[in-house]
Amino acid sequence: MASKRAFTMIELVLVIVIAGILAALAVPRVKRDNLREAAEQIITHIRYAQHLALQDDKFKFDSKGDPQKEWYKKRWNLTFNNTSVTNCNIDKKNKSSWKYHIYHDIAKDGTGNLNSVSEAASNIIKNGHLLSAGWQGISKVACKKVDQSLNIGKRYGVTNVTLEGSCGRNRSQTISFDELGRPMRTVSTTNGGGSARGYDRLLKDSCRINLSDGSSTVSILVHQNTGYACILDPSTNQCKK
């Protein structure tokens with residue numbers, strides 16, 4: 001009876017290694033698109049900010065049965081800023097980086113800024129973390145809760161962020177959302193500015209968020225009324241399919 005030849009273990013391992021090398025050579029190297037990754041992440045967080053706004057209607061009555069004063073300034077926001085946060089080594093001294101945050105203003109009369117852990121949205125993906133890359137004056141305890149992926153300057157190389165359309169009026173870097181998820185111009189600003197009424201800042205046109213790394217730009221379009229967000233195709237000025 002003729003004997004059957006089989007591969008030895010060494011031969012099998014060698015074949016697997018060679019196959020792996022050939023596969024690696026056959027697959028073209030794909031250059032990482034940092035700006036697109038940043039844009040896709042931001043779009044996800046825009047949708048989450050809308051979700052929070054839908055679930056958390058800020059209209060409340062006071063003890064006398066009247067609408068609370070300036071309740072509309074406590075709506076959920078997505079805001080960008082280029083800040084230097086040296087606490088907890090988030091930024092080096094005299095160095096700033098672009099960050100973004102999801103928060104709602106709970107301070108009396110509104111300050112237009114993220115100031116505390118209680119104002120920041122919780123990160124449902126990373127338990128115990130916040131949807132913020134850190135703010136000026138942050139405590140050492142709160143530093144442990146920041147999400148560095150929202151530091152788009154460090155993570156994705158973003159060197160500038162601009163908002164185009166009525167959302168970017170007066171160099172605003174914030175988009176707010178009402179209880180229907182509709183985008184608004186920032187509802188709360190420093191020195192008591194912002195909305196004067198509940199719906200006076202609903203967007204009349206689409207908002208474009210431009211992310212730049214110094215050599216190229218990727219734009220996110222946020223539609224008025226619905227708040228639907230997408231990455232723009234520069235050749236058609238329409239949403240990429």
# chains A, B, ... in the order shown; residues from 1 in each chain; ligands from 1

call {"tool": "residues_around", "arguments": {"residues": "Leu232 (chain A)", "least_positions_apart": "6", "cutoff": "9 Å", "atoms": "only C-alpha atoms", "output": "list in words"}}
result
Arg208, Val218, Ser219, Ile220, Leu221, Gln238, Cys239 and Lys240 of chain A

call {"tool": "write_last_selection", "arguments": {"atoms": "N, CA and C atoms", "output": "PDB file, in the first residue's frame"}}
result
ATOM      1  N   ARG A 208     -22.364  75.292   6.841  1.00  0.00           N
ATOM      2  CA  ARG A 208     -21.199  74.537   6.372  1.00  0.00           C
ATOM      3  C   ARG A 208     -20.085  74.628   7.410  1.00  0.00           C
ATOM      4  N   VAL A 218     -12.048  69.757   4.139  1.00  0.00           N
ATOM      5  CA  VAL A 218     -13.238  68.914   4.037  1.00  0.00           C
ATOM      6  C   VAL A 218     -14.382  69.672   4.692  1.00  0.00           C
ATOM      7  N   SER A 219     -15.533  69.677   4.024  1.00  0.00           N
ATOM      8  CA  SER A 219     -16.676  70.438   4.527  1.00  0.00           C
ATOM      9  C   SER A 219     -17.838  69.524   4.887  1.00  0.00           C
ATOM     10  N   ILE A 220     -18.485  69.854   5.990  1.00  0.00           N
ATOM     11  CA  ILE A 220     -19.701  69.172   6.439  1.00  0.00           C
ATOM     12  C   ILE A 220     -20.871  70.118   6.202  1.00  0.00           C
ATOM     13  N   LEU A 221     -21.930  69.616   5.597  1.00  0.00           N
ATOM     14  CA  LEU A 221     -23.127  70.423   5.387  1.00  0.00           C
ATOM     15  C   LEU A 221     -24.200  69.998   6.380  1.00  0.00           C
ATOM     16  N   GLN A 238     -22.635  68.870  -3.448  1.00  0.00           N
ATOM     17  CA  GLN A 238     -23.736  68.078  -2.904  1.00  0.00           C
ATOM     18  C   GLN A 238     -23.174  67.030  -1.943  1.00  0.00           C
ATOM     19  N   CYS A 239     -24.061  66.387  -1.216  1.00  0.00           N
ATOM     20  CA  CYS A 239     -23.622  65.340  -0.294  1.00  0.00           C
ATOM     21  C   CYS A 239     -22.950  64.204  -1.052  1.00  0.00           C
ATOM     22  N   LYS A 240     -21.841  63.717  -0.511  1.00  0.00           N
ATOM     23  CA  LYS A 240     -21.179  62.567  -1.115  1.00  0.00           C
ATOM     24  C   LYS A 240     -22.029  61.327  -0.905  1.00  0.00           C
TER      25      LYS A 240
END

call {"tool": "residues_around", "arguments": {"residues": "Thr226 (chain A)", "least_positions_apart": "2", "cutoff": "7 Å", "atoms": "only C-alpha atoms", "output": "PyMOL selection string"}}
result
chain A and resi 181-182+223-224+228

call {"tool": "residues_around", "arguments": {"residues": "Gln173 (chain A)", "least_positions_apart": "4", "cutoff": "8 Å", "atoms": "only C-alpha atoms", "output": "list in words"}}
result
Thr79, Phe80, Asn81, Thr162, Leu163, Cys167 and Gly168 of chain A

call {"tool": "select_by_dssp", "arguments": {"residues": "region 59-217 of chain A", "states": "strand (DSSP E or B)", "output": "MDAnalysis selection string"}}
result
chainID A and resid 61 67 76:83 97:104 120 122 130 132 160:164 174:177 183:185 188 194 202 207:212 217

call {"tool": "write_last_selection", "arguments": {"atoms": "N, CA and C atoms", "output": "compact mmCIF listing (two decimals), in the first residue's frame"}}
result
# COMPACT_ATOMS: atom_id res chain seq x y z
N PHE A 61 -41.56 75.14 33.49
CA PHE A 61 -42.31 76.16 34.23
C PHE A 61 -41.64 76.41 35.57
N PRO A 67 -43.39 80.21 32.34
CA PRO A 67 -42.18 79.66 31.70
C PRO A 67 -40.92 80.20 32.36
N TRP A 76 -29.05 72.19 23.92
CA TRP A 76 -27.80 71.47 23.64
C TRP A 76 -27.06 72.10 22.46
N ASN A 77 -25.74 72.10 22.57
CA ASN A 77 -24.87 72.74 21.58
C ASN A 77 -23.73 71.82 21.17
N LEU A 78 -23.26 72.03 19.95
CA LEU A 78 -21.98 71.48 19.52
C LEU A 78 -21.11 72.69 19.19
N THR A 79 -19.98 72.80 19.87
CA THR A 79 -19.15 74.00 19.71
C THR A 79 -17.70 73.64 19.45
N PHE A 80 -17.05 74.44 18.63
CA PHE A 80 -15.62 74.30 18.33
C PHE A 80 -14.86 75.46 18.95
N ASN A 81 -13.64 75.21 19.39
CA ASN A 81 -12.78 76.32 19.81
C ASN A 81 -11.32 75.93 19.69
N ASN A 82 -10.51 76.94 19.49
CA ASN A 82 -9.06 76.77 19.38
C ASN A 82 -8.46 77.35 20.65
N THR A 83 -8.29 76.51 21.65
CA THR A 83 -7.90 76.98 22.98
C THR A 83 -6.63 76.29 23.47
N SER A 97 -4.93 74.11 20.46
CA SER A 97 -5.36 73.08 19.51
C SER A 97 -6.87 73.15 19.35
N TRP A 98 -7.33 72.76 18.17
CA TRP A 98 -8.76 72.78 17.89
C TRP A 98 -9.45 71.61 18.58
N LYS A 99 -10.53 71.93 19.26
CA LYS A 99 -11.31 70.94 19.99
C LYS A 99 -12.79 71.18 19.73
N TYR A 100 -13.61 70.19 20.06
CA TYR A 100 -15.05 70.46 20.06
C TYR A 100 -15.70 69.74 21.23
N HIS A 101 -16.93 70.15 21.54
CA HIS A 101 -17.61 69.68 22.73
C HIS A 101 -19.11 69.65 22.48
N ILE A 102 -19.81 68.79 23.19
CA ILE A 102 -21.27 68.81 23.23
C ILE A 102 -21.65 69.16 24.66
N TYR A 103 -22.43 70.22 24.81
CA TYR A 103 -22.78 70.67 26.16
C TYR A 103 -24.08 71.47 26.13
N HIS A 104 -24.62 71.72 27.30
CA HIS A 104 -25.74 72.65 27.44
C HIS A 104 -25.43 73.59 28.59
N ALA A 120 -21.41 69.16 30.38
CA ALA A 120 -20.94 68.36 29.24
C ALA A 120 -21.78 67.10 29.07
N SER A 122 -22.45 63.20 28.37
CA SER A 122 -21.74 61.96 28.70
C SER A 122 -21.44 61.19 27.42
N LEU A 130 -16.53 62.16 28.97
CA LEU A 130 -17.40 63.23 28.50
C LEU A 130 -17.15 63.50 27.02
N SER A 132 -16.14 65.93 25.40
CA SER A 132 -15.38 67.18 25.45
C SER A 132 -13.90 66.85 25.47
N ASN A 160 -7.66 74.52 11.36
CA ASN A 160 -8.64 75.61 11.35
C ASN A 160 -10.04 75.05 11.15
N VAL A 161 -11.01 75.69 11.81
CA VAL A 161 -12.42 75.34 11.67
C VAL A 161 -13.21 76.63 11.46
N THR A 162 -14.02 76.67 10.42
CA THR A 162 -14.88 77.83 10.20
C THR A 162 -16.31 77.36 9.94
N LEU A 163 -17.26 78.18 10.33
CA LEU A 163 -18.67 77.92 10.06
C LEU A 163 -19.16 78.94 9.04
N GLU A 164 -19.75 78.47 7.94
CA GLU A 164 -20.27 79.34 6.89
C GLU A 164 -21.78 79.32 6.89
N THR A 174 -20.49 77.80 17.14
CA THR A 174 -21.43 76.93 17.84
C THR A 174 -22.71 76.73 17.05
N ILE A 175 -23.21 75.50 17.04
CA ILE A 175 -24.54 75.18 16.52
C ILE A 175 -25.37 74.65 17.68
N SER A 176 -26.56 75.21 17.85
CA SER A 176 -27.48 74.75 18.89
C SER A 176 -28.62 73.96 18.24
N PHE A 177 -29.36 73.19 19.05
CA PHE A 177 -30.46 72.38 18.53
C PHE A 177 -31.68 72.54 19.43
N PRO A 183 -31.38 72.75 13.76
CA PRO A 183 -30.19 73.55 14.08
C PRO A 183 -30.53 75.03 14.23
N MET A 184 -29.81 75.68 15.11
CA MET A 184 -30.00 77.09 15.40
C MET A 184 -28.65 77.78 15.49
N ARG A 185 -28.66 79.10 15.32
CA ARG A 185 -27.47 79.86 15.69
C ARG A 185 -27.30 79.76 17.20
N SER A 188 -26.76 80.83 23.29
CA SER A 188 -26.23 81.47 24.49
C SER A 188 -24.82 81.96 24.22
N GLY A 194 -27.24 86.14 22.89
CA GLY A 194 -27.84 84.93 22.34
C GLY A 194 -29.30 85.14 22.01
N LEU A 202 -33.50 79.96 14.68
CA LEU A 202 -33.54 78.83 13.76
C LEU A 202 -32.84 79.20 12.46
N CYS A 207 -25.85 75.19 7.06
CA CYS A 207 -24.59 75.56 7.72
C CYS A 207 -23.47 74.68 7.19
N ARG A 208 -22.36 75.29 6.84
CA ARG A 208 -21.20 74.54 6.37
C ARG A 208 -20.09 74.63 7.41
N ILE A 209 -19.60 73.47 7.83
CA ILE A 209 -18.48 73.39 8.77
C ILE A 209 -17.25 73.00 7.97
N ASN A 210 -16.27 73.89 7.88
CA ASN A 210 -15.06 73.64 7.11
C ASN A 210 -13.91 73.23 8.03
N LEU A 211 -13.33 72.07 7.75
CA LEU A 211 -12.18 71.58 8.49
C LEU A 211 -10.96 71.65 7.59
N SER A 212 -9.89 72.28 8.05
CA SER A 212 -8.68 72.43 7.23
C SER A 212 -7.47 71.92 7.97
N THR A 217 -9.10 70.90 2.56
CA THR A 217 -10.29 71.20 3.37
C THR A 217 -11.38 70.17 3.09

call {"tool": "closest_residue", "arguments": {"among": "A:Ser166, A:Gly198, A:Arg47, A:His129", "to": "Gln68 (chain A)", "atoms": "only C-alpha atoms"}}
result
A:Gly198

call {"tool": "atom_distance", "arguments": {"atom1": "CA of Asn34 (chain A)", "atom2": "CA of Lys126 (chain A)"}}
result
21.4 Å

call {"tool": "residues_around", "arguments": {"residues": "Cys88 (chain A)", "least_positions_apart": "5", "cutoff": "12 Å", "atoms": "only C-alpha atoms", "output": "ChimeraX atom specification"}}
result
/A:93,133-146,148

call {"tool": "write_last_selection", "arguments": {"atoms": "N, CA and C atoms", "output": "JSON list (two decimals), in the first residue's frame"}}
result
[["chain", "number", "residue", "atom", "x", "y", "z"],
["A", 93, "LYS", "N", 2.29, 74.51, 27.15],
["A", 93, "LYS", "CA", 2.22, 75.93, 27.50],
["A", 93, "LYS", "C", 2.34, 76.79, 26.24],
["A", 133, "ALA", "N", -13.11, 67.71, 24.83],
["A", 133, "ALA", "CA", -11.66, 67.54, 24.84],
["A", 133, "ALA", "C", -11.00, 68.39, 25.92],
["A", 134, "GLY", "N", -11.82, 68.98, 26.81],
["A", 134, "GLY", "CA", -11.27, 69.78, 27.90],
["A", 134, "GLY", "C", -11.50, 71.26, 27.70],
["A", 135, "TRP", "N", -11.68, 71.96, 28.80],
["A", 135, "TRP", "CA", -11.95, 73.40, 28.75],
["A", 135, "TRP", "C", -11.03, 74.13, 29.72],
["A", 136, "GLN", "N", -10.91, 75.43, 29.53],
["A", 136, "GLN", "CA", -10.05, 76.23, 30.39],
["A", 136, "GLN", "C", -10.60, 76.24, 31.82],
["A", 137, "GLY", "N", -9.71, 75.99, 32.78],
["A", 137, "GLY", "CA", -10.12, 75.92, 34.17],
["A", 137, "GLY", "C", -10.60, 74.56, 34.61],
["A", 138, "ILE", "N", -10.47, 73.55, 33.76],
["A", 138, "ILE", "CA", -10.92, 72.21, 34.10],
["A", 138, "ILE", "C", -10.15, 71.68, 35.30],
["A", 139, "SER", "N", -10.82, 70.95, 36.16],
["A", 139, "SER", "CA", -10.17, 70.40, 37.35],
["A", 139, "SER", "C", -9.39, 69.13, 37.00],
["A", 140, "LYS", "N", -8.48, 68.75, 37.87],
["A", 140, "LYS", "CA", -7.69, 67.54, 37.64],
["A", 140, "LYS", "C", -8.57, 66.29, 37.64],
["A", 141, "VAL", "N", -9.61, 66.32, 38.46],
["A", 141, "VAL", "CA", -10.54, 65.18, 38.49],
["A", 141, "VAL", "C", -11.28, 65.07, 37.16],
["A", 142, "ALA", "N", -11.73, 66.21, 36.65],
["A", 142, "ALA", "CA", -12.46, 66.21, 35.38],
["A", 142, "ALA", "C", -11.56, 65.86, 34.20],
["A", 143, "CYS", "N", -10.27, 66.12, 34.33],
["A", 143, "CYS", "CA", -9.32, 65.81, 33.25],
["A", 143, "CYS", "C", -9.35, 64.33, 32.88],
["A", 144, "LYS", "N", -9.63, 63.49, 33.87],
["A", 144, "LYS", "CA", -9.66, 62.05, 33.63],
["A", 144, "LYS", "C", -10.86, 61.65, 32.78],
["A", 145, "LYS", "N", -11.81, 62.57, 32.62],
["A", 145, "LYS", "CA", -13.04, 62.24, 31.91],
["A", 145, "LYS", "C", -13.07, 62.78, 30.48],
["A", 146, "VAL", "N", -12.08, 63.56, 30.08],
["A", 146, "VAL", "CA", -12.12, 64.14, 28.74],
["A", 146, "VAL", "C", -11.86, 63.07, 27.69],
["A", 148, "GLN", "N", -10.00, 62.51, 24.30],
["A", 148, "GLN", "CA", -8.98, 63.12, 23.45],
["A", 148, "GLN", "C", -9.30, 63.01, 21.96]]

call {"tool": "select_by_dssp", "arguments": {"residues": "region 127-212 of chain A", "states": "alpha helix (DSSP H)", "output": "ChimeraX atom specification"}}
result
/A:140-143,152-156

call {"tool": "atom_distance", "arguments": {"atom1": "CA of Gly227 (chain A)", "atom2": "CA of Thr189 (chain A)"}}
result
21.2 Å

call {"tool": "atom_distance", "arguments": {"atom1": "CA of Ser118 (chain A)", "atom2": "CA of Tyr48 (chain A)"}}
result
17.3 Å

call {"tool": "residues_around", "arguments": {"residues": "Gln41 (chain A)", "least_positions_apart": "6", "cutoff": "10 Å", "atoms": "only C-alpha atoms", "output": "VMD selection string"}}
result
chain A and resid 35 149 to 150 152

call {"tool": "write_last_selection", "arguments": {"atoms": "C-alpha atoms", "output": "PDB file, in the first residue's frame"}}
result
ATOM      1  CA  LEU A  35      -9.831  65.186   7.641  1.00  0.00           C
ATOM      2  CA  SER A 149     -10.581  62.040  20.169  1.00  0.00           C
ATOM      3  CA  LEU A 150     -12.486  65.345  20.275  1.00  0.00           C
ATOM      4  CA  ILE A 152      -9.234  67.225  16.416  1.00  0.00           C
TER       5      ILE A 152
END

call {"tool": "closest_residue", "arguments": {"among": "A:Arg171, A:Lys60, A:Arg32, A:His45", "to": "Ala229 (chain A)", "atoms": "only C-alpha atoms"}}
result
A:His45

call {"tool": "residues_around", "arguments": {"residues": "Lys58 (chain A)", "least_positions_apart": "6", "cutoff": "7 Å", "atoms": "only C-alpha atoms", "output": "list of chain:residue names"}}
result
A:Trp71, A:Tyr72, A:Lys74, A:Arg75
